[in-house]
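Enquirer: Let me begin by handing over the structure; questions about it come next.
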Amino acid sequence: MAGNIGQLEQYDRFLRRKRLALLAAGLLTAAALLVSLGVGSMRLSLGEIVQALLRTGEQKHQTVLWNVRLPRAAAAVLVGAVLASSGAVMQCVLRNPLASASTLGISQGAAFGAAVGIIVFGGGVVTSAAASATVAVNNPYIVTLCAFLCGALSSVVVLAISRLKRSIGPGGLILAGTALSAMFSGGSTLLQYFSDDSALGAVVFWTFGNLGNANWKELGFLTAVFAASFLFYLFHRWNYNAMEAGADTAQSLGVDTRRVMQASMVVYTLSTAAAVSLVGIISFVGLIAPHIMRVFVGGDHRYLIPGSALAGALLLLLADLLARVAMPPVILPIGALMSFVGGPMFLFLLFKERGAHG
């Protein structure tokens with residue numbers, strides 16, 4: 001009896017540490033959000049931020065906050081949360097720690113779609129401000145739509161391969177995504193080769209990733225996308241926990257692993273393609289954030305999914321903050337910054353995985 005009580009107390013302490021980790025991630029994300037709202041060419045104190053949020057402060061503070069900084073920070077939070085929570089789920093169902101939007105070809109497919117929208121359908125450049133490295137694009141919704149459709153197409157092809165070739169396995173799906181990435185990259189290069197300078201500049205700028213492109217209507221859509229995907233993932237959290245132990249174990253517990261994998265891939269495709277199509281290529285968030293949270297909460301998806309969402313939001317907020325303050329008034333491309341961090345992390349995980357398999 002005493003032994004059972006001791007095990008229960010140990011389990012309670014185990015869960016308490018996970019909850020504290022989630023609380024710490026939430027507090028850090030909130031702090032990063034406040035810093036992001038206050039830092040810039042016009043610095044705002046905490047009191048001025050609160051007043052501007054309540055629309056009781058100075059008009060210039062309200063304009064800066066509501067029209068520039070808050071949409072940008074909200075985009076960082078939502079995009080980071082979507083990519084990271086989806087990445088955690090894909091790494092589970094594909095049984096591959098390297099699964100992400102980049103390795104499954106969604107990012108490269110979206111880049112090809114953006115190139116089609118800009119070069120073929122006329123979403124071209126109208127102005128460029130060299131001081132802030134910004135580019136305005138005609139009819140941006142064509143670019144967004146094409147990016148979303150091609151990003152989704154990449155994952156649909158991978159999903160079709162998994163249905164038609166059942167023996168291919170999760171590792172084979174990653175290889176299929178890599179092959180599609182190469183094809184889409186080649187298509188983007190050919191389109192850029194035959195484009196004029198203004199369209200070429202717009203395509204290159206889109207691939208940099210830009211959180212400042214999102215407006216409130218698009219952020220409302222992205223909020224709905226995140227809420228729907230997040231609730232779906234949480235609904236299947238116990239299935240993911242079972243699948244973490246292996247397909248045979250999950251099936252013995254009554255989990256239809258193939259159906260859960262395919263449904264999760266559909267939700268993953270739609271959510272990540274929507275995020276990437278709105279802000280451009282921001283790599284490795286869905287790869288890094290889940291692995292960071294696994295250190296603190298383990299592989300329990302009751303905590304890993306929300307923890308990954310918070311970690312993704314925090315990573316993207318910090319990256320955007322660095323992009324804005326490193327070389328003012330120039331805003332560095334956030335996609336490039338994330339690649340600098342994610343590239344070494346990808347290599348580390350690759351060698352770690354190879355070492356685990358001898």
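Each chain in the structure tokens gets a letter, A, B, ..., in the order shown, and its residues are numbered from 1; ligands are numbered from 1 in order too.
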Write out as a ChimeraX atom specification the residues lying within 9 Å of A:Gln51, counting only C-alpha atoms and excluding same-chain residues fewer than 5 positions away.
Expert: /A:46,56-58,61-62
Enquirer: Next, dump the selected residues to file, keeping only all heavy atoms, as a short mmCIF file (atom, residue, chain, number, x, y, z; two decimals), in the first residue's frame.
Expert:
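Once written, again14.cif looks like this:
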data_model
loop_
_atom_site.label_atom_id
_atom_site.label_comp_id
_atom_site.auth_asym_id
_atom_site.auth_seq_id
_atom_site.Cartn_x
_atom_site.Cartn_y
_atom_site.Cartn_z
N LEU A 46 5.79 49.68 -20.81
CA LEU A 46 4.69 48.76 -20.53
C LEU A 46 3.38 49.50 -20.36
O LEU A 46 2.33 49.08 -20.87
CB LEU A 46 5.01 47.92 -19.29
CG LEU A 46 3.94 46.91 -18.86
CD1 LEU A 46 3.68 45.90 -19.97
CD2 LEU A 46 4.36 46.20 -17.58
N THR A 56 -6.59 54.06 -25.16
CA THR A 56 -6.71 55.25 -24.30
C THR A 56 -5.42 56.08 -24.32
O THR A 56 -5.40 57.15 -23.71
CB THR A 56 -7.02 54.84 -22.85
OG1 THR A 56 -5.97 53.99 -22.36
CG2 THR A 56 -8.35 54.12 -22.77
N GLY A 57 -4.38 55.59 -24.98
CA GLY A 57 -3.11 56.30 -25.01
C GLY A 57 -3.05 57.30 -26.15
O GLY A 57 -4.06 57.64 -26.79
N GLU A 58 -1.82 57.80 -26.40
CA GLU A 58 -1.62 58.75 -27.49
C GLU A 58 -1.95 58.10 -28.83
O GLU A 58 -1.74 56.91 -29.03
CB GLU A 58 -0.17 59.25 -27.49
CG GLU A 58 0.21 60.04 -26.26
CD GLU A 58 1.62 60.60 -26.37
OE1 GLU A 58 2.04 60.93 -27.51
OE2 GLU A 58 2.30 60.71 -25.34
N HIS A 61 0.86 56.26 -30.59
CA HIS A 61 1.16 54.96 -29.99
C HIS A 61 0.15 53.92 -30.43
O HIS A 61 0.52 52.77 -30.73
CB HIS A 61 1.16 55.07 -28.46
CG HIS A 61 2.26 55.93 -27.92
ND1 HIS A 61 2.29 56.37 -26.60
CD2 HIS A 61 3.38 56.43 -28.51
CE1 HIS A 61 3.38 57.09 -26.42
NE2 HIS A 61 4.04 57.16 -27.55
N GLN A 62 -1.11 54.31 -30.49
CA GLN A 62 -2.14 53.38 -30.95
C GLN A 62 -1.91 52.99 -32.41
O GLN A 62 -2.07 51.82 -32.77
CB GLN A 62 -3.52 54.03 -30.79
CG GLN A 62 -3.93 54.30 -29.36
CD GLN A 62 -5.34 54.87 -29.27
OE1 GLN A 62 -6.25 54.41 -29.97
NE2 GLN A 62 -5.53 55.86 -28.41
#
Enquirer: Using DSSP secondary structure from the backbone, list all strand (DSSP E or B) positions within stretch 128-333 of chain A, as a list of chain:residue names.
Expert: A:Ser128, A:Ala129, A:Thr134, A:Val135, A:Ala136, A:Val137, A:Met327, A:Val330
Enquirer: Tell me, as a PyMOL selection string, which residues lie within 12 Å of A:Ser229, counting only C-alpha atoms; anything in the same chain fewer than 2 positions away does not count.
Expert: chain A and resi 78+81-87+89+222-227+231-236+263-272+274-275+305-306+309
Enquirer: Determine which residues of stretch 89-328 of chain A DSSP labels as alpha helix (DSSP H) from the backbone of this structure, then write them out as a PyMOL selection string.
Expert: chain A and resi 89-93+106-115+140-164+169-193+197-208+216-235+237-244+247-252+257-279+285-297+301-325
